[in-house]
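Reproduced below: model.cif, with mmCIF, C-alpha atoms.
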data_my_file
#
loop_
_atom_site.group_PDB
_atom_site.id
_atom_site.type_symbol
_atom_site.label_atom_id
_atom_site.label_comp_id
_atom_site.auth_asym_id
_atom_site.auth_seq_id
_atom_site.Cartn_x
_atom_site.Cartn_y
_atom_site.Cartn_z
ATOM 1 C CA MET A 828 0.000 0.000 0.000
ATOM 2 C CA GLU A 829 1.411 3.315 -1.087
ATOM 3 C CA VAL A 830 0.174 5.311 1.938
ATOM 4 C CA LEU A 831 1.562 2.795 4.407
ATOM 5 C CA GLU A 832 4.864 2.663 2.531
ATOM 6 C CA ARG A 833 5.174 6.461 2.796
ATOM 7 C CA VAL A 834 4.379 6.262 6.505
ATOM 8 C CA LYS A 835 7.075 3.622 6.971
ATOM 9 C CA LYS A 836 9.648 5.766 5.140
ATOM 10 C CA GLN A 837 8.719 8.728 7.307
ATOM 11 C CA VAL A 838 9.001 6.620 10.463
ATOM 12 C CA ASP A 839 12.447 5.426 9.345
ATOM 13 C CA LEU A 840 13.581 9.003 8.693
ATOM 14 C CA VAL A 841 12.894 10.410 12.164
ATOM 15 C CA PRO A 842 15.238 8.171 14.228
ATOM 16 C CA GLY A 843 18.052 8.888 11.769
ATOM 17 C CA LEU A 844 17.611 12.615 12.303
ATOM 18 C CA LEU A 845 17.514 12.108 16.080
ATOM 19 C CA GLY A 846 20.732 10.097 15.825
ATOM 20 C CA GLU A 847 22.389 12.972 14.014
ATOM 21 C CA LEU A 848 21.347 15.266 16.869
ATOM 22 C CA GLU A 849 23.470 13.138 19.214
ATOM 23 C CA TYR A 850 26.636 13.979 17.318
ATOM 24 C CA GLU A 851 26.000 17.432 15.872
ATOM 25 C CA ARG A 852 28.002 20.103 17.697
ATOM 26 C CA SER A 853 27.470 23.241 15.604
ATOM 27 C CA TYR A 854 24.551 25.366 16.670
ATOM 28 C CA ARG A 855 23.236 25.814 13.118
ATOM 29 C CA GLY A 856 23.393 22.060 12.585
ATOM 30 C CA VAL A 857 21.441 21.431 15.802
ATOM 31 C CA GLU A 858 18.902 24.081 14.879
ATOM 32 C CA ARG A 859 18.347 22.593 11.432
ATOM 33 C CA LEU A 860 18.048 19.045 12.795
ATOM 34 C CA VAL A 861 15.502 20.195 15.396
ATOM 35 C CA GLN A 862 13.487 21.759 12.581
ATOM 36 C CA LEU A 863 13.719 18.593 10.457
ATOM 37 C CA VAL A 864 12.764 16.274 13.336
ATOM 38 C CA ILE A 865 9.722 18.385 14.129
ATOM 39 C CA GLN A 866 8.752 18.594 10.462
ATOM 40 C CA GLY A 867 9.153 14.830 10.152
ATOM 41 C CA VAL A 868 6.842 14.182 13.108
ATOM 42 C CA LEU A 869 4.253 16.673 11.841
ATOM 43 C CA ASP A 870 4.351 15.133 8.364
ATOM 44 C CA LEU A 871 3.923 11.686 9.893
ATOM 45 C CA GLY A 872 0.889 12.961 11.791
ATOM 46 C CA LEU A 873 -0.587 14.374 8.593
ATOM 47 C CA MET A 874 -0.032 11.073 6.771
ATOM 48 C CA ILE A 875 -1.840 9.210 9.533
ATOM 49 C CA ILE A 876 -4.700 11.705 9.472
ATOM 50 C CA VAL A 877 -5.109 11.127 5.730
ATOM 51 C CA ALA A 878 -4.848 7.340 6.097
ATOM 52 C CA LEU A 879 -7.569 7.374 8.749
ATOM 53 C CA SER A 880 -9.643 9.835 6.679
ATOM 54 C CA ALA A 881 -10.053 12.320 9.479
ATOM 55 C CA ARG A 882 -10.725 16.017 9.161
ATOM 56 C CA ARG A 883 -7.814 17.966 7.793
ATOM 57 C CA PRO A 884 -6.171 20.312 10.285
ATOM 58 C CA ARG A 885 -6.120 24.008 9.369
ATOM 59 C CA GLY A 886 -2.463 24.213 10.315
ATOM 60 C CA TYR A 887 0.399 22.359 11.941
ATOM 61 C CA SER A 888 -0.769 23.494 15.384
ATOM 62 C CA GLU A 889 -3.925 21.364 15.000
ATOM 63 C CA VAL A 890 -2.259 18.115 13.904
ATOM 64 C CA GLY A 891 -1.890 16.796 17.460
ATOM 65 C CA PHE A 892 -5.481 17.595 18.348
ATOM 66 C CA VAL A 893 -6.856 15.824 15.284
ATOM 67 C CA LEU A 894 -4.725 12.819 16.282
ATOM 68 C CA ARG A 895 -6.080 13.125 19.830
ATOM 69 C CA ASP A 896 -9.650 13.125 18.499
ATOM 70 C CA LEU A 897 -8.809 9.930 16.581
ATOM 71 C CA GLY A 898 -7.531 8.318 19.798
ATOM 72 C CA VAL A 899 -3.968 8.235 18.464
ATOM 73 C CA LEU A 900 -2.453 10.685 20.982
ATOM 74 C CA CYS A 901 -3.318 11.597 24.548
ATOM 75 C CA GLU A 902 -4.066 15.195 25.511
ATOM 76 C CA ASP A 903 -0.523 15.849 26.779
ATOM 77 C CA ASP A 904 1.060 14.541 23.580
ATOM 78 C CA ALA A 905 -1.362 16.586 21.465
ATOM 79 C CA SER A 906 -0.282 19.695 23.375
ATOM 80 C CA LEU A 907 3.364 18.699 22.992
ATOM 81 C CA LEU A 908 2.899 18.391 19.228
ATOM 82 C CA LYS A 909 1.281 21.838 19.183
ATOM 83 C CA SER A 910 4.296 23.321 20.973
ATOM 84 C CA MET A 911 6.601 21.530 18.533
ATOM 85 C CA ALA A 912 4.660 23.073 15.639
ATOM 86 C CA GLY A 913 5.063 26.480 17.271
ATOM 87 C CA LEU A 914 8.819 25.991 17.594
ATOM 88 C CA ARG A 915 8.979 24.852 13.972
ATOM 89 C CA ASN A 916 7.285 28.095 12.924
ATOM 90 C CA ILE A 917 9.762 30.126 14.950
ATOM 91 C CA LEU A 918 12.699 28.234 13.436
ATOM 92 C CA VAL A 919 11.378 28.804 9.927
ATOM 93 C CA HIS A 920 9.988 32.326 10.178
ATOM 94 C CA GLU A 921 11.444 34.104 13.219
ATOM 95 C CA TYR A 922 14.936 32.626 13.362
ATOM 96 C CA VAL A 923 16.471 36.011 14.196
ATOM 97 C CA PHE A 924 14.899 35.959 17.678
ATOM 98 C CA ILE A 925 15.909 32.444 18.696
ATOM 99 C CA ASP A 926 17.530 31.795 22.073
ATOM 100 C CA ARG A 927 20.320 29.362 21.183
ATOM 101 C CA GLU A 928 20.517 27.777 24.617
ATOM 102 C CA ARG A 929 16.793 27.018 24.621
ATOM 103 C CA ILE A 930 17.106 25.320 21.226
ATOM 104 C CA ARG A 931 19.871 23.072 22.567
ATOM 105 C CA GLU A 932 17.693 22.213 25.588
ATOM 106 C CA TYR A 933 14.757 21.508 23.305
ATOM 107 C CA ALA A 934 16.955 19.264 21.145
ATOM 108 C CA ASN A 935 17.684 17.139 24.217
ATOM 109 C CA ARG A 936 13.986 16.888 25.047
ATOM 110 C CA LEU A 937 13.189 15.846 21.483
ATOM 111 C CA LYS A 938 15.476 12.830 21.884
ATOM 112 C CA HIS A 939 13.155 11.552 24.613
ATOM 113 C CA ASN A 940 9.750 12.760 23.414
ATOM 114 C CA VAL A 941 9.860 12.005 19.701
ATOM 115 C CA PRO A 942 10.330 8.216 19.892
ATOM 116 C CA ARG A 943 7.307 8.018 22.220
ATOM 117 C CA LEU A 944 5.207 10.227 19.916
ATOM 118 C CA VAL A 945 6.144 8.197 16.840
ATOM 119 C CA ALA A 946 5.372 4.924 18.647
ATOM 120 C CA SER A 947 1.956 6.279 19.702
ATOM 121 C CA MET A 948 1.225 7.412 16.165
ATOM 122 C CA LEU A 949 2.132 4.021 14.711
ATOM 123 C CA LYS A 950 0.059 2.197 17.283
ATOM 124 C CA GLY A 951 -2.867 4.501 16.533
ATOM 125 C CA LEU A 952 -2.519 3.829 12.823
ATOM 126 C CA GLU A 953 -2.412 0.076 13.409
ATOM 127 C CA ASN A 954 -5.497 0.263 15.628
ATOM 128 C CA GLY A 955 -7.333 2.740 13.389
ATOM 129 C CA GLN A 956 -9.627 2.028 10.517
ATOM 130 C CA LEU A 957 -7.925 2.862 7.232
ATOM 131 C CA ASP A 958 -10.070 4.666 4.725
ATOM 132 C CA PRO A 959 -11.399 1.929 2.411
ATOM 133 C CA LEU A 960 -11.219 4.343 -0.521
ATOM 134 C CA ILE A 961 -7.442 4.661 -0.024
ATOM 135 C CA ARG A 962 -7.144 0.888 -0.231
ATOM 136 C CA ASP A 963 -9.336 0.779 -3.339
ATOM 137 C CA ILE A 964 -7.402 3.553 -5.073
ATOM 138 C CA GLU A 965 -4.045 1.997 -4.267
ATOM 139 C CA GLU A 966 -5.223 -1.376 -5.544
ATOM 140 C CA LEU A 967 -6.509 0.265 -8.738
ATOM 141 C CA ASN A 968 -3.228 2.178 -9.175
ATOM 142 C CA GLY A 969 -1.286 -1.064 -8.829
ATOM 143 C CA ARG A 970 -3.417 -2.809 -11.440
ATOM 144 C CA LEU A 971 -3.137 0.147 -13.826
ATOM 145 C CA ARG A 972 0.626 0.299 -13.329
ATOM 146 C CA SER A 973 1.084 -3.358 -14.224
ATOM 147 C CA MET A 974 -1.363 -3.195 -17.135
ATOM 148 C CA LEU A 975 0.200 -0.051 -18.665
ATOM 149 C CA HIS A 976 3.841 -0.834 -17.875
ATOM 150 C CA GLY A 977 6.020 -0.403 -20.948
ATOM 151 C CA ARG A 978 3.155 1.010 -23.012
ATOM 152 C CA VAL A 979 2.338 4.322 -21.353
ATOM 153 C CA VAL A 980 4.858 6.870 -20.092
ATOM 154 C CA ILE A 981 2.524 8.744 -17.761
ATOM 155 C CA ALA A 982 -1.084 8.373 -16.673
ATOM 156 C CA LEU A 983 -2.839 10.884 -14.467
ATOM 157 C CA PRO A 984 -5.973 9.463 -12.854
ATOM 158 C CA HIS A 985 -8.098 12.130 -11.245
ATOM 159 C CA GLY A 986 -11.308 12.549 -9.352
ATOM 160 C CA GLY A 987 -12.404 13.365 -5.891
ATOM 161 C CA ARG A 988 -14.797 12.651 -3.131
ATOM 162 C CA VAL A 989 -16.535 14.693 -0.482
ATOM 163 C CA LYS A 990 -18.840 13.622 2.283
ATOM 164 C CA ASP A 991 -22.163 15.253 2.865
ATOM 165 C CA GLU A 992 -23.656 15.804 6.298
ATOM 166 C CA ARG A 993 -24.885 12.179 6.359
ATOM 167 C CA GLY A 994 -21.390 10.868 5.626
ATOM 168 C CA SER A 995 -22.302 9.692 2.121
ATOM 169 C CA GLY A 996 -19.489 9.897 -0.399
ATOM 170 C CA HIS A 997 -20.035 11.742 -3.690
ATOM 171 C CA ASP A 998 -17.769 12.575 -6.575
ATOM 172 C CA MET A 999 -16.850 16.222 -6.853
ATOM 173 C CA ASP A 1000 -18.610 16.444 -10.235
ATOM 174 C CA GLY A 1001 -21.930 15.503 -8.666
ATOM 175 C CA GLY A 1002 -21.938 11.819 -9.482
ATOM 176 C CA GLY A 1003 -22.759 9.591 -6.571
ATOM 177 C CA SER A 1004 -20.741 6.875 -4.988
ATOM 178 C CA GLY A 1005 -22.664 6.468 -1.815
ATOM 179 C CA GLY A 1006 -26.172 7.729 -2.073
#

Output the structure of this file as C-alpha coordinates.
Amino acid sequence: MEVLERVKKQVDLVPGLLGELEYERSYRGVERLVQLVIQGVLDLGLMIIVALSARRPRGYSEVGFVLRDLGVLCEDDASLLKSMAGLRNILVHEYVFIDRERIREYANRLKHNVPRLVASMLKGLENGQLDPLIRDIEELNGRLRSMLHGRVVIALPHGGRVKDERGSGHDMDGGGSGG
(Lines of atoms letter the chains of each structure in order from A and count residues from 1; the text may use other names and numbers.)
(Lines give C-alpha, C1' and ligand atoms only; values in the text may rest on other atoms or scores of the structure.)
Protein backbone atom coordinates (compact mmCIF):
# COMPACT_ATOMS: atom_id res chain seq x y z
CA MET A 1 0.00 0.00 0.00
CA GLU A 2 1.41 3.32 -1.09
CA VAL A 3 0.17 5.31 1.94
CA LEU A 4 1.56 2.80 4.41
CA GLU A 5 4.86 2.66 2.53
CA ARG A 6 5.17 6.46 2.80
CA VAL A 7 4.38 6.26 6.51
CA LYS A 8 7.08 3.62 6.97
CA LYS A 9 9.65 5.77 5.14
CA GLN A 10 8.72 8.73 7.31
CA VAL A 11 9.00 6.62 10.46
CA ASP A 12 12.45 5.43 9.34
CA LEU A 13 13.58 9.00 8.69
CA VAL A 14 12.89 10.41 12.16
CA PRO A 15 15.24 8.17 14.23
CA GLY A 16 18.05 8.89 11.77
CA LEU A 17 17.61 12.62 12.30
CA LEU A 18 17.51 12.11 16.08
CA GLY A 19 20.73 10.10 15.83
CA GLU A 20 22.39 12.97 14.01
CA LEU A 21 21.35 15.27 16.87
CA GLU A 22 23.47 13.14 19.21
CA TYR A 23 26.64 13.98 17.32
CA GLU A 24 26.00 17.43 15.87
CA ARG A 25 28.00 20.10 17.70
CA SER A 26 27.47 23.24 15.60
CA TYR A 27 24.55 25.37 16.67
CA ARG A 28 23.24 25.81 13.12
CA GLY A 29 23.39 22.06 12.58
CA VAL A 30 21.44 21.43 15.80
CA GLU A 31 18.90 24.08 14.88
CA ARG A 32 18.35 22.59 11.43
CA LEU A 33 18.05 19.05 12.80
CA VAL A 34 15.50 20.19 15.40
CA GLN A 35 13.49 21.76 12.58
CA LEU A 36 13.72 18.59 10.46
CA VAL A 37 12.76 16.27 13.34
CA ILE A 38 9.72 18.38 14.13
CA GLN A 39 8.75 18.59 10.46
CA GLY A 40 9.15 14.83 10.15
CA VAL A 41 6.84 14.18 13.11
CA LEU A 42 4.25 16.67 11.84
CA ASP A 43 4.35 15.13 8.36
CA LEU A 44 3.92 11.69 9.89
CA GLY A 45 0.89 12.96 11.79
CA LEU A 46 -0.59 14.37 8.59
CA MET A 47 -0.03 11.07 6.77
CA ILE A 48 -1.84 9.21 9.53
CA ILE A 49 -4.70 11.71 9.47
CA VAL A 50 -5.11 11.13 5.73
CA ALA A 51 -4.85 7.34 6.10
CA LEU A 52 -7.57 7.37 8.75
CA SER A 53 -9.64 9.83 6.68
CA ALA A 54 -10.05 12.32 9.48
CA ARG A 55 -10.72 16.02 9.16
CA ARG A 56 -7.81 17.97 7.79
CA PRO A 57 -6.17 20.31 10.28
CA ARG A 58 -6.12 24.01 9.37
CA GLY A 59 -2.46 24.21 10.31
CA TYR A 60 0.40 22.36 11.94
CA SER A 61 -0.77 23.49 15.38
CA GLU A 62 -3.92 21.36 15.00
CA VAL A 63 -2.26 18.11 13.90
CA GLY A 64 -1.89 16.80 17.46
CA PHE A 65 -5.48 17.60 18.35
CA VAL A 66 -6.86 15.82 15.28
CA LEU A 67 -4.72 12.82 16.28
CA ARG A 68 -6.08 13.12 19.83
CA ASP A 69 -9.65 13.13 18.50
CA LEU A 70 -8.81 9.93 16.58
CA GLY A 71 -7.53 8.32 19.80
CA VAL A 72 -3.97 8.23 18.46
CA LEU A 73 -2.45 10.69 20.98
CA CYS A 74 -3.32 11.60 24.55
CA GLU A 75 -4.07 15.20 25.51
CA ASP A 76 -0.52 15.85 26.78
CA ASP A 77 1.06 14.54 23.58
CA ALA A 78 -1.36 16.59 21.47
CA SER A 79 -0.28 19.69 23.38
CA LEU A 80 3.36 18.70 22.99
CA LEU A 81 2.90 18.39 19.23
CA LYS A 82 1.28 21.84 19.18
CA SER A 83 4.30 23.32 20.97
CA MET A 84 6.60 21.53 18.53
CA ALA A 85 4.66 23.07 15.64
CA GLY A 86 5.06 26.48 17.27
CA LEU A 87 8.82 25.99 17.59
CA ARG A 88 8.98 24.85 13.97
CA ASN A 89 7.29 28.09 12.92
CA ILE A 90 9.76 30.13 14.95
CA LEU A 91 12.70 28.23 13.44
CA VAL A 92 11.38 28.80 9.93
CA HIS A 93 9.99 32.33 10.18
CA GLU A 94 11.44 34.10 13.22
CA TYR A 95 14.94 32.63 13.36
CA VAL A 96 16.47 36.01 14.20
CA PHE A 97 14.90 35.96 17.68
CA ILE A 98 15.91 32.44 18.70
CA ASP A 99 17.53 31.79 22.07
CA ARG A 100 20.32 29.36 21.18
CA GLU A 101 20.52 27.78 24.62
CA ARG A 102 16.79 27.02 24.62
CA ILE A 103 17.11 25.32 21.23
CA ARG A 104 19.87 23.07 22.57
CA GLU A 105 17.69 22.21 25.59
CA TYR A 106 14.76 21.51 23.31
CA ALA A 107 16.96 19.26 21.14
CA ASN A 108 17.68 17.14 24.22
CA ARG A 109 13.99 16.89 25.05
CA LEU A 110 13.19 15.85 21.48
CA LYS A 111 15.48 12.83 21.88
CA HIS A 112 13.16 11.55 24.61
CA ASN A 113 9.75 12.76 23.41
CA VAL A 114 9.86 12.00 19.70
CA PRO A 115 10.33 8.22 19.89
CA ARG A 116 7.31 8.02 22.22
CA LEU A 117 5.21 10.23 19.92
CA VAL A 118 6.14 8.20 16.84
CA ALA A 119 5.37 4.92 18.65
CA SER A 120 1.96 6.28 19.70
CA MET A 121 1.23 7.41 16.16
CA LEU A 122 2.13 4.02 14.71
CA LYS A 123 0.06 2.20 17.28
CA GLY A 124 -2.87 4.50 16.53
CA LEU A 125 -2.52 3.83 12.82
CA GLU A 126 -2.41 0.08 13.41
CA ASN A 127 -5.50 0.26 15.63
CA GLY A 128 -7.33 2.74 13.39
CA GLN A 129 -9.63 2.03 10.52
CA LEU A 130 -7.93 2.86 7.23
CA ASP A 131 -10.07 4.67 4.72
CA PRO A 132 -11.40 1.93 2.41
CA LEU A 133 -11.22 4.34 -0.52
CA ILE A 134 -7.44 4.66 -0.02
CA ARG A 135 -7.14 0.89 -0.23
CA ASP A 136 -9.34 0.78 -3.34
CA ILE A 137 -7.40 3.55 -5.07
CA GLU A 138 -4.05 2.00 -4.27
CA GLU A 139 -5.22 -1.38 -5.54
CA LEU A 140 -6.51 0.26 -8.74
CA ASN A 141 -3.23 2.18 -9.18
CA GLY A 142 -1.29 -1.06 -8.83
CA ARG A 143 -3.42 -2.81 -11.44
CA LEU A 144 -3.14 0.15 -13.83
CA ARG A 145 0.63 0.30 -13.33
CA SER A 146 1.08 -3.36 -14.22
CA MET A 147 -1.36 -3.19 -17.13
CA LEU A 148 0.20 -0.05 -18.66
CA HIS A 149 3.84 -0.83 -17.88
CA GLY A 150 6.02 -0.40 -20.95
CA ARG A 151 3.16 1.01 -23.01
CA VAL A 152 2.34 4.32 -21.35
CA VAL A 153 4.86 6.87 -20.09
CA ILE A 154 2.52 8.74 -17.76
CA ALA A 155 -1.08 8.37 -16.67
CA LEU A 156 -2.84 10.88 -14.47
CA PRO A 157 -5.97 9.46 -12.85
CA HIS A 158 -8.10 12.13 -11.25
CA GLY A 159 -11.31 12.55 -9.35
CA GLY A 160 -12.40 13.37 -5.89
CA ARG A 161 -14.80 12.65 -3.13
CA VAL A 162 -16.54 14.69 -0.48
CA LYS A 163 -18.84 13.62 2.28
CA ASP A 164 -22.16 15.25 2.86
CA GLU A 165 -23.66 15.80 6.30
CA ARG A 166 -24.89 12.18 6.36
CA GLY A 167 -21.39 10.87 5.63
CA SER A 168 -22.30 9.69 2.12
CA GLY A 169 -19.49 9.90 -0.40
CA HIS A 170 -20.03 11.74 -3.69
CA ASP A 171 -17.77 12.58 -6.58
CA MET A 172 -16.85 16.22 -6.85
CA ASP A 173 -18.61 16.44 -10.23
CA GLY A 174 -21.93 15.50 -8.67
CA GLY A 175 -21.94 11.82 -9.48
CA GLY A 176 -22.76 9.59 -6.57
CA SER A 177 -20.74 6.87 -4.99
CA GLY A 178 -22.66 6.47 -1.81
CA GLY A 179 -26.17 7.73 -2.07

Could you give me, as a list of chain:residue names, the residues within 9 Å of Val864 in chain A, counting only C-alpha atoms and dropping anything in the same chain fewer than 4 positions from it?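 Near neighbours after the sequence-gap exclusion: A:Leu840, A:Val841, A:Pro842, A:Leu844, A:Leu845, A:Arg859, A:Leu860, A:Val868, A:Leu869, A:Leu937, A:Val941.
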
Evaluate the PyMOL selection byres ((chain A and resi 837) around 10) on the structure here and hand back the selected residues as an MDAnalysis selection string. chainID A and resid 831:836 838:842 867:868 870:872 874 945

Apply the PyMOL selection byres ((chain A and resi 952) around 10) to the file shown and report the selected residues as a list in words. Leu831, Val834, Gly872, Met874, Ile875, Ile876, Ala878, Leu879, Leu894, Leu897, Gly898, Val899, Ala946, Ser947, Met948, Leu949, Lys950, Gly951, Glu953, Asn954, Gly955, Gln956 and Leu957 of chain A

Quick one: axis-aligned box around all listed atoms of range 881-885 of chain A, 8 Å on every side, centre and edge lengths in Å to one decimal, written as lines of an AutoDock Vina configuration file.
center_x = -8.4
center_y = 18.2
center_z = 9.0
size_x = 20.6
size_y = 27.7
size_z = 18.5

Choose the residue, out of A:His976, A:Lys909, A:His939, A:Arg927, that has the smallest atom-to-atom separation from Val857 in chain A; count all atoms listed in the file.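 Looking at the shortest contact to Val857 in chain A, the residue is A:Arg927.
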
For Asp896 in chain A: contacts at 10 Å, only C-alpha atoms, fewer than 5 positions along chain excluded, given as an MDAnalysis selection string: chainID A and resid 881:882 891 901:902 905

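The gap separating CA of Met911 in chain A from CA of Val923 in chain A is 18.1 Å, in Å to one decimal.
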
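Separating CA of Arg943 in chain A from CA of Ile930 in chain A is a distance of 19.9 Å.
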
Expressed in Å, the length from CA of Glu932 in chain A to CA of Asn916 in chain A is 17.4 Å

Between A:Ile917, A:Ala912, A:Leu907, A:Ala934, which has the minimum distance to Glu851 in chain A (counting all atoms listed in the file)? A:Ala934

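Of the residues under consideration (A:Met974, A:Leu918, A:Ile981, A:Val890), A:Leu918 shows the shortest atom-to-atom contact distance to Arg855 in chain A when counting all atoms listed in the file.
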
Proximity to Ser910 in chain A - best of A:Leu944, A:Ile865, A:Gly846, A:Glu858, only C-alpha atoms: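 The closest residue to Ser910 in chain A is A:Ile865.
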
So, counting only C-alpha atoms, which residue among A:Glu928, A:Val877, A:Gly913, A:Gln866 is closest to Glu889 in chain A?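 The answer is A:Gly913, which sits nearest to Glu889 in chain A.
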
Just checking: using all atoms listed in the file, which residue out of A:Ser973, A:Arg885, A:Leu908, A:Tyr854 ends up closest to Arg929 in chain A?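 Residue with the minimum atom-to-atom distance to Arg929 in chain A: A:Tyr854.
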